[in-house]
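Raw contents of my_file28.cif, mmCIF, C-alpha atoms and all ligand atoms:
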```
data_coords
#
loop_
_atom_site.group_PDB
_atom_site.id
_atom_site.type_symbol
_atom_site.label_atom_id
_atom_site.label_comp_id
_atom_site.auth_asym_id
_atom_site.auth_seq_id
_atom_site.Cartn_x
_atom_site.Cartn_y
_atom_site.Cartn_z
ATOM 1 C CA MET A 29 0.000 0.000 0.000
ATOM 2 C CA LYS A 30 1.729 3.070 -1.332
ATOM 3 C CA GLU A 31 0.411 5.490 1.289
ATOM 4 C CA LEU A 32 1.694 3.300 4.141
ATOM 5 C CA GLU A 33 5.104 2.778 2.501
ATOM 6 C CA GLU A 34 5.478 6.533 1.992
ATOM 7 C CA ARG A 35 4.565 7.172 5.621
ATOM 8 C CA ILE A 36 7.115 4.613 6.813
ATOM 9 C CA LEU A 37 9.823 6.274 4.714
ATOM 10 C CA LYS A 38 8.829 9.717 6.016
ATOM 11 C CA ASP A 39 8.323 8.959 9.719
ATOM 12 C CA GLY A 40 9.813 5.518 10.444
ATOM 13 C CA VAL A 41 13.103 5.309 12.321
ATOM 14 C CA VAL A 42 15.311 2.214 12.128
ATOM 15 C CA LYS A 43 16.649 1.326 15.577
ATOM 16 C CA GLN A 44 19.246 -1.117 16.800
ATOM 17 C CA GLY A 45 18.002 -4.662 17.298
ATOM 18 C CA ASP A 46 15.998 -4.774 14.085
ATOM 19 C CA ILE A 47 13.283 -2.479 15.368
ATOM 20 C CA LEU A 48 11.412 -0.057 13.151
ATOM 21 C CA LYS A 49 10.042 2.747 15.299
ATOM 22 C CA VAL A 50 6.742 4.046 13.972
ATOM 23 C CA ASP A 51 5.583 5.824 17.127
ATOM 24 C CA ASN A 52 4.687 8.893 15.093
ATOM 25 C CA PHE A 53 1.637 7.276 13.452
ATOM 26 C CA LEU A 54 1.174 3.620 14.482
ATOM 27 C CA ASN A 55 2.448 2.714 17.950
ATOM 28 C CA HIS A 56 2.128 5.791 20.153
ATOM 29 C CA GLN A 57 0.630 8.771 18.331
ATOM 30 C CA LEU A 58 -2.047 7.263 16.088
ATOM 31 C CA ASP A 59 -3.284 8.229 12.622
ATOM 32 C CA PRO A 60 -6.893 6.988 12.430
ATOM 33 C CA ALA A 61 -7.357 8.226 8.848
ATOM 34 C CA LEU A 62 -4.456 6.017 7.749
ATOM 35 C CA PHE A 63 -5.881 3.070 9.733
ATOM 36 C CA TYR A 64 -9.194 3.561 7.932
ATOM 37 C CA GLN A 65 -7.409 3.467 4.554
ATOM 38 C CA MET A 66 -5.695 0.272 5.691
ATOM 39 C CA GLY A 67 -9.099 -1.168 6.611
ATOM 40 C CA LEU A 68 -10.410 -0.348 3.124
ATOM 41 C CA GLU A 69 -7.373 -2.061 1.577
ATOM 42 C CA TRP A 70 -7.828 -5.242 3.663
ATOM 43 C CA LYS A 71 -11.545 -5.150 2.822
ATOM 44 C CA ARG A 72 -10.644 -4.994 -0.897
ATOM 45 C CA LEU A 73 -8.107 -7.811 -0.561
ATOM 46 C CA TYR A 74 -10.591 -10.033 1.296
ATOM 47 C CA GLU A 75 -13.564 -9.124 -0.929
ATOM 48 C CA GLY A 76 -15.928 -12.071 -1.324
ATOM 49 C CA GLU A 77 -14.861 -13.684 1.974
ATOM 50 C CA GLU A 78 -17.377 -13.912 4.781
ATOM 51 C CA ILE A 79 -15.761 -12.494 7.922
ATOM 52 C CA THR A 80 -17.696 -12.310 11.189
ATOM 53 C CA LYS A 81 -15.035 -11.087 13.586
ATOM 54 C CA ILE A 82 -11.645 -9.447 13.716
ATOM 55 C CA LEU A 83 -9.084 -10.732 16.202
ATOM 56 C CA THR A 84 -6.032 -8.808 17.350
ATOM 57 C CA ALA A 85 -3.676 -8.625 20.336
ATOM 58 C CA ALA A 86 -3.114 -6.072 23.082
ATOM 59 C CA THR A 87 -1.751 -3.504 22.987
ATOM 60 C CA SER A 88 -0.482 -2.339 19.649
ATOM 61 C CA GLY A 89 -3.039 -4.142 17.491
ATOM 62 C CA ILE A 90 -6.099 -2.664 19.166
ATOM 63 C CA ALA A 91 -6.217 0.817 17.651
ATOM 64 C CA ILE A 92 -5.463 -0.408 14.141
ATOM 65 C CA ALA A 93 -8.031 -3.203 14.322
ATOM 66 C CA ALA A 94 -10.740 -1.010 15.840
ATOM 67 C CA VAL A 95 -10.550 1.502 13.000
ATOM 68 C CA ALA A 96 -9.755 -0.974 10.202
ATOM 69 C CA ALA A 97 -12.818 -3.025 11.206
ATOM 70 C CA LEU A 98 -15.183 -0.207 10.220
ATOM 71 C CA PRO A 99 -15.476 -1.161 6.519
ATOM 72 C CA PHE A 100 -16.090 -4.785 7.566
ATOM 73 C CA GLY A 101 -18.866 -3.840 10.007
ATOM 74 C CA VAL A 102 -17.927 -6.609 12.434
ATOM 75 C CA PRO A 103 -16.806 -6.649 16.097
ATOM 76 C CA VAL A 104 -13.176 -6.653 17.148
ATOM 77 C CA VAL A 105 -11.902 -8.966 19.877
ATOM 78 C CA PHE A 106 -8.463 -8.379 21.306
ATOM 79 C CA ALA A 107 -6.444 -11.000 23.121
ATOM 80 C CA LYS A 108 -5.488 -9.648 26.525
ATOM 81 C CA LYS A 109 -2.120 -10.061 28.167
ATOM 82 C CA ALA A 110 -2.607 -12.031 31.363
ATOM 83 C CA LYS A 111 -0.824 -12.912 34.555
ATOM 84 C CA SER A 112 -0.663 -16.727 34.446
ATOM 85 C CA ALA A 113 -1.827 -16.923 38.072
ATOM 86 C CA ASN A 114 -5.453 -15.912 37.626
ATOM 87 C CA ILE A 115 -6.578 -17.804 34.535
ATOM 88 C CA SER A 116 -10.027 -19.386 34.674
ATOM 89 C CA ASP A 117 -11.760 -22.117 32.654
ATOM 90 C CA ASP A 118 -13.764 -19.717 30.552
ATOM 91 C CA VAL A 119 -10.814 -18.433 28.525
ATOM 92 C CA TYR A 120 -8.538 -19.762 25.794
ATOM 93 C CA THR A 121 -4.854 -19.076 26.446
ATOM 94 C CA VAL A 122 -1.588 -19.240 24.568
ATOM 95 C CA GLU A 123 2.036 -18.493 25.481
ATOM 96 C CA VAL A 124 3.865 -16.189 23.090
ATOM 97 C CA HIS A 125 7.370 -14.839 22.934
ATOM 98 C CA SER A 126 7.409 -11.047 22.685
ATOM 99 C CA PHE A 127 9.815 -9.760 20.023
ATOM 100 C CA THR A 128 9.973 -6.230 21.417
ATOM 101 C CA HIS A 129 10.113 -7.121 25.128
ATOM 102 C CA GLY A 130 12.154 -10.309 24.786
ATOM 103 C CA ASN A 131 10.015 -12.232 27.283
ATOM 104 C CA GLU A 132 7.152 -14.723 27.332
ATOM 105 C CA ALA A 133 3.603 -13.474 27.718
ATOM 106 C CA THR A 134 0.263 -15.212 28.073
ATOM 107 C CA LEU A 135 -2.511 -14.078 25.743
ATOM 108 C CA LEU A 136 -6.104 -14.908 26.570
ATOM 109 C CA VAL A 137 -9.529 -14.549 24.997
ATOM 110 C CA SER A 138 -12.851 -15.227 26.690
ATOM 111 C CA LYS A 139 -14.763 -18.223 25.305
ATOM 112 C CA GLN A 140 -17.737 -15.856 25.201
ATOM 113 C CA TYR A 141 -16.177 -13.863 22.372
ATOM 114 C CA LEU A 142 -14.548 -16.510 20.193
ATOM 115 C CA GLY A 143 -16.152 -19.764 19.097
ATOM 116 C CA PRO A 144 -16.777 -22.308 16.307
ATOM 117 C CA GLN A 145 -19.357 -20.023 14.668
ATOM 118 C CA ASP A 146 -16.706 -17.346 13.964
ATOM 119 C CA ARG A 147 -14.940 -16.676 10.669
ATOM 120 C CA ILE A 148 -11.878 -14.737 11.702
ATOM 121 C CA LEU A 149 -9.653 -12.113 10.141
ATOM 122 C CA ILE A 150 -6.576 -11.577 12.321
ATOM 123 C CA LEU A 151 -5.053 -8.084 12.230
ATOM 124 C CA ASP A 152 -1.819 -6.828 13.808
ATOM 125 C CA ASP A 153 0.707 -4.041 13.474
ATOM 126 C CA PHE A 154 3.926 -5.964 12.756
ATOM 127 C CA LEU A 155 4.905 -9.398 11.526
ATOM 128 C CA ALA A 156 8.524 -10.228 12.339
ATOM 129 C CA ASN A 157 9.390 -13.763 13.487
ATOM 130 C CA GLY A 158 5.718 -14.652 13.543
ATOM 131 C CA ALA A 159 5.224 -15.480 17.229
ATOM 132 C CA ALA A 160 2.452 -12.930 17.817
ATOM 133 C CA LEU A 161 0.478 -13.999 14.741
ATOM 134 C CA GLU A 162 0.989 -17.680 15.517
ATOM 135 C CA GLY A 163 -0.316 -17.029 19.029
ATOM 136 C CA LEU A 164 -3.487 -15.458 17.637
ATOM 137 C CA ILE A 165 -3.863 -18.312 15.127
ATOM 138 C CA SER A 166 -3.544 -20.790 17.985
ATOM 139 C CA LEU A 167 -6.243 -18.993 20.023
ATOM 140 C CA ALA A 168 -8.623 -19.045 17.043
ATOM 141 C CA GLU A 169 -7.877 -22.749 16.470
ATOM 142 C CA LYS A 170 -8.486 -23.565 20.144
ATOM 143 C CA ALA A 171 -11.864 -21.827 19.834
ATOM 144 C CA GLY A 172 -12.698 -23.905 16.751
ATOM 145 C CA ALA A 173 -13.087 -20.729 14.714
ATOM 146 C CA ARG A 174 -12.408 -20.654 10.985
ATOM 147 C CA ILE A 175 -9.380 -18.511 10.088
ATOM 148 C CA ILE A 176 -10.056 -16.685 6.830
ATOM 149 C CA GLY A 177 -6.695 -14.969 6.891
ATOM 150 C CA ALA A 178 -4.525 -12.329 8.472
ATOM 151 C CA GLY A 179 -3.595 -8.741 7.750
ATOM 152 C CA VAL A 180 -0.537 -6.991 9.073
ATOM 153 C CA ALA A 181 0.413 -3.380 8.539
ATOM 154 C CA ILE A 182 4.162 -4.001 8.285
ATOM 155 C CA GLU A 183 5.903 -7.295 7.559
ATOM 156 C CA LYS A 184 9.650 -7.487 8.004
ATOM 157 C CA ALA A 185 9.817 -10.127 5.281
ATOM 158 C CA TYR A 186 13.485 -10.962 5.858
ATOM 159 C CA GLN A 187 12.694 -12.281 9.356
ATOM 160 C CA GLY A 188 10.749 -15.162 7.857
ATOM 161 C CA GLY A 189 7.683 -15.358 10.104
ATOM 162 C CA GLY A 190 5.329 -14.553 7.247
ATOM 163 C CA ASP A 191 6.812 -17.233 4.984
ATOM 164 C CA ARG A 192 6.427 -19.858 7.712
ATOM 165 C CA ILE A 193 2.782 -18.954 8.360
ATOM 166 C CA ARG A 194 1.911 -18.806 4.642
ATOM 167 C CA ALA A 195 3.556 -22.228 4.220
ATOM 168 C CA LYS A 196 0.922 -23.574 6.638
ATOM 169 C CA GLY A 197 -1.735 -22.467 4.170
ATOM 170 C CA ILE A 198 -2.818 -19.343 6.028
ATOM 171 C CA ARG A 199 -3.352 -16.272 3.900
ATOM 172 C CA VAL A 200 -1.363 -13.255 5.139
ATOM 173 C CA GLU A 201 -1.807 -9.834 3.550
ATOM 174 C CA ALA A 202 0.907 -7.341 4.498
ATOM 175 C CA LEU A 203 0.317 -3.734 3.443
ATOM 176 C CA ALA A 204 4.029 -2.884 3.537
ATOM 177 C CA ARG A 205 6.700 -5.589 3.178
ATOM 178 C CA ILE A 206 10.235 -4.668 4.155
ATOM 179 C CA ALA A 207 12.952 -6.563 2.283
ATOM 180 C CA SER A 208 15.799 -5.066 4.300
ATOM 181 C CA MET A 209 16.501 -2.219 6.680
ATOM 182 C CA ASP A 210 19.412 -0.797 8.605
ATOM 183 C CA GLU A 211 20.365 2.461 10.250
ATOM 184 C CA LYS A 212 22.787 3.436 7.502
ATOM 185 C CA ASP A 213 21.075 2.370 4.257
ATOM 186 C CA GLY A 214 17.487 2.842 5.376
ATOM 187 C CA ILE A 215 14.416 0.825 4.392
ATOM 188 C CA VAL A 216 13.899 -1.181 1.200
ATOM 189 C CA PHE A 217 10.476 -2.633 0.394
ATOM 190 C CA THR A 218 9.853 -5.859 -1.507
ATOM 191 C CA ASP A 219 8.531 -5.466 -5.073
HETATM 192 P P1 LIG B 301 6.792 -11.366 15.955
HETATM 193 O O1 LIG B 301 6.010 -12.048 17.031
HETATM 194 O O2 LIG B 301 6.211 -11.571 14.573
HETATM 195 O O3 LIG B 301 8.266 -11.671 16.022
HETATM 196 O O4 LIG B 301 6.710 -9.819 16.255
HETATM 197 C C1 LIG B 301 5.473 -9.175 16.165
HETATM 198 C C2 LIG B 301 5.204 -8.258 17.315
HETATM 199 O O5 LIG B 301 6.391 -7.657 17.813
HETATM 200 C C3 LIG B 301 4.306 -7.155 16.835
HETATM 201 O O6 LIG B 301 3.013 -7.335 17.347
HETATM 202 C C4 LIG B 301 4.953 -5.873 17.357
HETATM 203 O O7 LIG B 301 4.284 -5.446 18.511
HETATM 204 C C5 LIG B 301 6.347 -6.246 17.711
HETATM 205 N N1 LIG B 301 7.345 -5.874 16.700
HETATM 206 C C6 LIG B 301 8.119 -6.731 15.968
HETATM 207 N N2 LIG B 301 8.980 -6.069 15.208
HETATM 208 C C7 LIG B 301 8.764 -4.758 15.433
HETATM 209 C C8 LIG B 301 9.372 -3.559 14.914
HETATM 210 O O8 LIG B 301 10.306 -3.549 14.098
HETATM 211 N N3 LIG B 301 8.862 -2.376 15.368
HETATM 212 C C9 LIG B 301 7.847 -2.330 16.265
HETATM 213 N N4 LIG B 301 7.405 -1.119 16.627
HETATM 214 N N5 LIG B 301 7.257 -3.435 16.784
HETATM 215 C C10 LIG B 301 7.716 -4.642 16.365
#
```

Please express what this file holds, its structure, as structure tokens.
Ligand code: 5GP
Amino acid sequence: MKELEERILKDGVVKQGDILKVDNFLNHQLDPALFYQMGLEWKRLYEGEEITKILTAATSGIAIAAVAALPFGVPVVFAKKAKSANISDDVYTVEVHSFTHGNEATLLVSKQYLGPQDRILILDDFLANGAALEGLISLAEKAGARIIGAGVAIEKAYQGGGDRIRAKGIRVEALARIASMDEKDGIVFTD
């Protein structure tokens, strides 16, 4: 998506440790108009698919998913980060490794909000090694929901998570795919 790529080139900052900082429009200050355009693009890409719910993860996926869901006209459920101690029977849980924090986190979704009747589109901000997306896929599978596909704003394609998930037969639509990036040479998108 040209508009997103241009915004990344204008406002994105490449940090040490393979981190692209996009706090100016995606992860801290938010640009809802851009999120709405992203929603329209995912809607176009998934045209003809019946989607009943959008699933994302706390915290960074929530704002994007909430706005991008508007053209779909369906509810958004976000997986919450939980303390393992107080987990009850009425939730699905999964352990995921956090790329940005470098630790393990438990994600949970109430059984009330995800079930076999759901046809899910998973949305998130970044796809790097794939742990976050795989965690959301696992939650949807535990709920018996049908996964129609996933949408990520930015895929760091060279980290390989997207390839691994696509190889499992899950459709992943990235709106900006980064082929390489470093502090000196900047950001290069895939063709
Ligand atoms: P993965 O689980 O695919 O390795 O990483 C995905 C998650 O890590 C995303 O949900 C995002 O929160 C975070 N993340 C991964 N890479 C980056 C990055 O380069 N910049 C930012 N801001 N977040 C990232």

Legend entry - Separation of atom O5 of ligand LIG 301 (chain B) from atom CA of Gly197 of chain A, in Å and rounded to one decimal: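 Taking atom O5 of ligand LIG 301 (chain B) and atom CA of Gly197 of chain A, their separation equals 21.7 Å.
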
Inset, instruction - Calculate how many Å separate atom CA of Met29 of chain A from atom N2 of ligand LIG 301 (chain B), rounding to one decimal. - result: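 Result for atom CA of Met29 of chain A versus atom N2 of ligand LIG 301 (chain B): 18.7 Å, one decimal.
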
Inset, instruction - Give the residues close to ligand LIG 301 (chain B), within 8 Å, counting only C-alpha atoms and all ligand atoms; write them as a count of residues only. - result: 31

Inset, instruction - Can you give me, as a list of chain:residue names, the residues this file yields under the PyMOL selection byres (((chain A and resi 173) around 10) and not hetatm)? - result: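 Taken on the displayed file, the PyMOL selection byres (((chain A and resi 173) around 10) and not hetatm) yields the residues A:Lys81, A:Leu142, A:Gly143, A:Pro144, A:Gln145, A:Asp146, A:Arg147, A:Ile148, A:Ile165, A:Leu167, A:Ala168, A:Glu169, A:Lys170, A:Ala171, A:Gly172, A:Arg174, A:Ile175, A:Ile176.
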
Legend entry - Using all atoms listed in the file: which of A:Ala204, A:Leu151, A:Gln57, A:Ser166 has the shortest distance to Ile182 of chain A: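 Result for the nearest residue to Ile182 of chain A: A:Ala204.
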
Inset, instruction - Would you work out the distance separating atom CA of Ala178 of chain A from atom CA of Ala202 of chain A, expressed in Å to one decimal? - result: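 Computed distance, atom CA of Ala178 of chain A to atom CA of Ala202 of chain A, equals 8.4 Å.
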
Inset, instruction - Pick out the closest residue to Gly45 of chain A from this set: A:Val180, A:Met209, A:Ala97, A:Ile150. Count only C-alpha atoms. - result: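 Of the candidates, the smallest distance to Gly45 of chain A is held by A:Met209.
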
Legend entry - Residue members of the PyMOL selection byres (((chain A and resi 206) around 8) and not hetatm) in the file shown, as a list in words: Ile182, Glu183, Lys184, Ala185, Tyr186, Ala204, Arg205, Ala207, Ser208, Met209, Ile215, Val216, Phe217 and Thr218 of chain A

Inset, instruction - Using only C-alpha atoms, find the one residue out of A:Val102, A:Ile82, A:Ala195, A:Val95 that sits nearest to Leu164 of chain A. - result: A:Ile82

Could you list the residues chosen by the PyMOL selection byres (((chain A and resi 94) around 10) and not hetatm) in this structure as a PDB file with C-alpha atoms, in the frame of the given file?
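Written file, result.pdb:
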```pdb
ATOM      1  CA  PRO A  60      -6.893   6.988  12.430  1.00  0.00           C
ATOM      2  CA  PHE A  63      -5.881   3.070   9.733  1.00  0.00           C
ATOM      3  CA  TYR A  64      -9.194   3.561   7.932  1.00  0.00           C
ATOM      4  CA  GLY A  67      -9.099  -1.168   6.611  1.00  0.00           C
ATOM      5  CA  ILE A  82     -11.645  -9.447  13.716  1.00  0.00           C
ATOM      6  CA  LEU A  83      -9.084 -10.732  16.202  1.00  0.00           C
ATOM      7  CA  THR A  84      -6.032  -8.808  17.350  1.00  0.00           C
ATOM      8  CA  GLY A  89      -3.039  -4.142  17.491  1.00  0.00           C
ATOM      9  CA  ILE A  90      -6.099  -2.664  19.166  1.00  0.00           C
ATOM     10  CA  ALA A  91      -6.217   0.817  17.651  1.00  0.00           C
ATOM     11  CA  ILE A  92      -5.463  -0.408  14.141  1.00  0.00           C
ATOM     12  CA  ALA A  93      -8.031  -3.203  14.322  1.00  0.00           C
ATOM     13  CA  VAL A  95     -10.550   1.502  13.000  1.00  0.00           C
ATOM     14  CA  ALA A  96      -9.755  -0.974  10.202  1.00  0.00           C
ATOM     15  CA  ALA A  97     -12.818  -3.025  11.206  1.00  0.00           C
ATOM     16  CA  LEU A  98     -15.183  -0.207  10.220  1.00  0.00           C
ATOM     17  CA  VAL A 102     -17.927  -6.609  12.434  1.00  0.00           C
ATOM     18  CA  PRO A 103     -16.806  -6.649  16.097  1.00  0.00           C
ATOM     19  CA  VAL A 104     -13.176  -6.653  17.148  1.00  0.00           C
ATOM     20  CA  VAL A 105     -11.902  -8.966  19.877  1.00  0.00           C
ATOM     21  CA  PHE A 106      -8.463  -8.379  21.306  1.00  0.00           C
ATOM     22  CA  LEU A 151      -5.053  -8.084  12.230  1.00  0.00           C
TER      23      LEU A 151
END
```

Legend entry - A:Leu54, A:Val41, A:Arg35, A:Asp117 ranked by distance to Asp213 of chain A, top pick (using all atoms listed in the file): A:Val41

Show which residues sit within 12 Å of Lys30 of chain A, as an mmCIF file with C-alpha atoms, keeping the file's coordinate frame. Count all atoms listed in the file, and ignore same-chain residues fewer than 2 positions away.
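So the final result, stored in around-v2.cif, reads:
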```
data_model
loop_
_atom_site.group_PDB
_atom_site.id
_atom_site.type_symbol
_atom_site.label_atom_id
_atom_site.label_comp_id
_atom_site.auth_asym_id
_atom_site.auth_seq_id
_atom_site.Cartn_x
_atom_site.Cartn_y
_atom_site.Cartn_z
ATOM 1 C CA LEU A 32 1.694 3.300 4.141
ATOM 2 C CA GLU A 33 5.104 2.778 2.501
ATOM 3 C CA GLU A 34 5.478 6.533 1.992
ATOM 4 C CA ARG A 35 4.565 7.172 5.621
ATOM 5 C CA ILE A 36 7.115 4.613 6.813
ATOM 6 C CA LEU A 37 9.823 6.274 4.714
ATOM 7 C CA LEU A 62 -4.456 6.017 7.749
ATOM 8 C CA GLN A 65 -7.409 3.467 4.554
ATOM 9 C CA MET A 66 -5.695 0.272 5.691
ATOM 10 C CA GLU A 69 -7.373 -2.061 1.577
ATOM 11 C CA ALA A 181 0.413 -3.380 8.539
ATOM 12 C CA ALA A 202 0.907 -7.341 4.498
ATOM 13 C CA LEU A 203 0.317 -3.734 3.443
ATOM 14 C CA ALA A 204 4.029 -2.884 3.537
ATOM 15 C CA ARG A 205 6.700 -5.589 3.178
ATOM 16 C CA PHE A 217 10.476 -2.633 0.394
ATOM 17 C CA ASP A 219 8.531 -5.466 -5.073
#
```

Just segment 99-190 of chain A, please, as a PDB file, in the first residue's frame (only C-alpha atoms).
```pdb
ATOM      1  CA  PRO A  99     -15.476  -1.161   6.519  1.00  0.00           C
ATOM      2  CA  PHE A 100     -16.090  -4.785   7.566  1.00  0.00           C
ATOM      3  CA  GLY A 101     -18.866  -3.840  10.007  1.00  0.00           C
ATOM      4  CA  VAL A 102     -17.927  -6.609  12.434  1.00  0.00           C
ATOM      5  CA  PRO A 103     -16.806  -6.649  16.097  1.00  0.00           C
ATOM      6  CA  VAL A 104     -13.176  -6.653  17.148  1.00  0.00           C
ATOM      7  CA  VAL A 105     -11.902  -8.966  19.877  1.00  0.00           C
ATOM      8  CA  PHE A 106      -8.463  -8.379  21.306  1.00  0.00           C
ATOM      9  CA  ALA A 107      -6.444 -11.000  23.121  1.00  0.00           C
ATOM     10  CA  LYS A 108      -5.488  -9.648  26.525  1.00  0.00           C
ATOM     11  CA  LYS A 109      -2.120 -10.061  28.167  1.00  0.00           C
ATOM     12  CA  ALA A 110      -2.607 -12.031  31.363  1.00  0.00           C
ATOM     13  CA  LYS A 111      -0.824 -12.912  34.555  1.00  0.00           C
ATOM     14  CA  SER A 112      -0.663 -16.727  34.446  1.00  0.00           C
ATOM     15  CA  ALA A 113      -1.827 -16.923  38.072  1.00  0.00           C
ATOM     16  CA  ASN A 114      -5.453 -15.912  37.626  1.00  0.00           C
ATOM     17  CA  ILE A 115      -6.578 -17.804  34.535  1.00  0.00           C
ATOM     18  CA  SER A 116     -10.027 -19.386  34.674  1.00  0.00           C
ATOM     19  CA  ASP A 117     -11.760 -22.117  32.654  1.00  0.00           C
ATOM     20  CA  ASP A 118     -13.764 -19.717  30.552  1.00  0.00           C
ATOM     21  CA  VAL A 119     -10.814 -18.433  28.525  1.00  0.00           C
ATOM     22  CA  TYR A 120      -8.538 -19.762  25.794  1.00  0.00           C
ATOM     23  CA  THR A 121      -4.854 -19.076  26.446  1.00  0.00           C
ATOM     24  CA  VAL A 122      -1.588 -19.240  24.568  1.00  0.00           C
ATOM     25  CA  GLU A 123       2.036 -18.493  25.481  1.00  0.00           C
ATOM     26  CA  VAL A 124       3.865 -16.189  23.090  1.00  0.00           C
ATOM     27  CA  HIS A 125       7.370 -14.839  22.934  1.00  0.00           C
ATOM     28  CA  SER A 126       7.409 -11.047  22.685  1.00  0.00           C
ATOM     29  CA  PHE A 127       9.815  -9.760  20.023  1.00  0.00           C
ATOM     30  CA  THR A 128       9.973  -6.230  21.417  1.00  0.00           C
ATOM     31  CA  HIS A 129      10.113  -7.121  25.128  1.00  0.00           C
ATOM     32  CA  GLY A 130      12.154 -10.309  24.786  1.00  0.00           C
ATOM     33  CA  ASN A 131      10.015 -12.232  27.283  1.00  0.00           C
ATOM     34  CA  GLU A 132       7.152 -14.723  27.332  1.00  0.00           C
ATOM     35  CA  ALA A 133       3.603 -13.474  27.718  1.00  0.00           C
ATOM     36  CA  THR A 134       0.263 -15.212  28.073  1.00  0.00           C
ATOM     37  CA  LEU A 135      -2.511 -14.078  25.743  1.00  0.00           C
ATOM     38  CA  LEU A 136      -6.104 -14.908  26.570  1.00  0.00           C
ATOM     39  CA  VAL A 137      -9.529 -14.549  24.997  1.00  0.00           C
ATOM     40  CA  SER A 138     -12.851 -15.227  26.690  1.00  0.00           C
ATOM     41  CA  LYS A 139     -14.763 -18.223  25.305  1.00  0.00           C
ATOM     42  CA  GLN A 140     -17.737 -15.856  25.201  1.00  0.00           C
ATOM     43  CA  TYR A 141     -16.177 -13.863  22.372  1.00  0.00           C
ATOM     44  CA  LEU A 142     -14.548 -16.510  20.193  1.00  0.00           C
ATOM     45  CA  GLY A 143     -16.152 -19.764  19.097  1.00  0.00           C
ATOM     46  CA  PRO A 144     -16.777 -22.308  16.307  1.00  0.00           C
ATOM     47  CA  GLN A 145     -19.357 -20.023  14.668  1.00  0.00           C
ATOM     48  CA  ASP A 146     -16.706 -17.346  13.964  1.00  0.00           C
ATOM     49  CA  ARG A 147     -14.940 -16.676  10.669  1.00  0.00           C
ATOM     50  CA  ILE A 148     -11.878 -14.737  11.702  1.00  0.00           C
ATOM     51  CA  LEU A 149      -9.653 -12.113  10.141  1.00  0.00           C
ATOM     52  CA  ILE A 150      -6.576 -11.577  12.321  1.00  0.00           C
ATOM     53  CA  LEU A 151      -5.053  -8.084  12.230  1.00  0.00           C
ATOM     54  CA  ASP A 152      -1.819  -6.828  13.808  1.00  0.00           C
ATOM     55  CA  ASP A 153       0.707  -4.041  13.474  1.00  0.00           C
ATOM     56  CA  PHE A 154       3.926  -5.964  12.756  1.00  0.00           C
ATOM     57  CA  LEU A 155       4.905  -9.398  11.526  1.00  0.00           C
ATOM     58  CA  ALA A 156       8.524 -10.228  12.339  1.00  0.00           C
ATOM     59  CA  ASN A 157       9.390 -13.763  13.487  1.00  0.00           C
ATOM     60  CA  GLY A 158       5.718 -14.652  13.543  1.00  0.00           C
ATOM     61  CA  ALA A 159       5.224 -15.480  17.229  1.00  0.00           C
ATOM     62  CA  ALA A 160       2.452 -12.930  17.817  1.00  0.00           C
ATOM     63  CA  LEU A 161       0.478 -13.999  14.741  1.00  0.00           C
ATOM     64  CA  GLU A 162       0.989 -17.680  15.517  1.00  0.00           C
ATOM     65  CA  GLY A 163      -0.316 -17.029  19.029  1.00  0.00           C
ATOM     66  CA  LEU A 164      -3.487 -15.458  17.637  1.00  0.00           C
ATOM     67  CA  ILE A 165      -3.863 -18.312  15.127  1.00  0.00           C
ATOM     68  CA  SER A 166      -3.544 -20.790  17.985  1.00  0.00           C
ATOM     69  CA  LEU A 167      -6.243 -18.993  20.023  1.00  0.00           C
ATOM     70  CA  ALA A 168      -8.623 -19.045  17.043  1.00  0.00           C
ATOM     71  CA  GLU A 169      -7.877 -22.749  16.470  1.00  0.00           C
ATOM     72  CA  LYS A 170      -8.486 -23.565  20.144  1.00  0.00           C
ATOM     73  CA  ALA A 171     -11.864 -21.827  19.834  1.00  0.00           C
ATOM     74  CA  GLY A 172     -12.698 -23.905  16.751  1.00  0.00           C
ATOM     75  CA  ALA A 173     -13.087 -20.729  14.714  1.00  0.00           C
ATOM     76  CA  ARG A 174     -12.408 -20.654  10.985  1.00  0.00           C
ATOM     77  CA  ILE A 175      -9.380 -18.511  10.088  1.00  0.00           C
ATOM     78  CA  ILE A 176     -10.056 -16.685   6.830  1.00  0.00           C
ATOM     79  CA  GLY A 177      -6.695 -14.969   6.891  1.00  0.00           C
ATOM     80  CA  ALA A 178      -4.525 -12.329   8.472  1.00  0.00           C
ATOM     81  CA  GLY A 179      -3.595  -8.741   7.750  1.00  0.00           C
ATOM     82  CA  VAL A 180      -0.537  -6.991   9.073  1.00  0.00           C
ATOM     83  CA  ALA A 181       0.413  -3.380   8.539  1.00  0.00           C
ATOM     84  CA  ILE A 182       4.162  -4.001   8.285  1.00  0.00           C
ATOM     85  CA  GLU A 183       5.903  -7.295   7.559  1.00  0.00           C
ATOM     86  CA  LYS A 184       9.650  -7.487   8.004  1.00  0.00           C
ATOM     87  CA  ALA A 185       9.817 -10.127   5.281  1.00  0.00           C
ATOM     88  CA  TYR A 186      13.485 -10.962   5.858  1.00  0.00           C
ATOM     89  CA  GLN A 187      12.694 -12.281   9.356  1.00  0.00           C
ATOM     90  CA  GLY A 188      10.749 -15.162   7.857  1.00  0.00           C
ATOM     91  CA  GLY A 189       7.683 -15.358  10.104  1.00  0.00           C
ATOM     92  CA  GLY A 190       5.329 -14.553   7.247  1.00  0.00           C
TER      93      GLY A 190
END
```
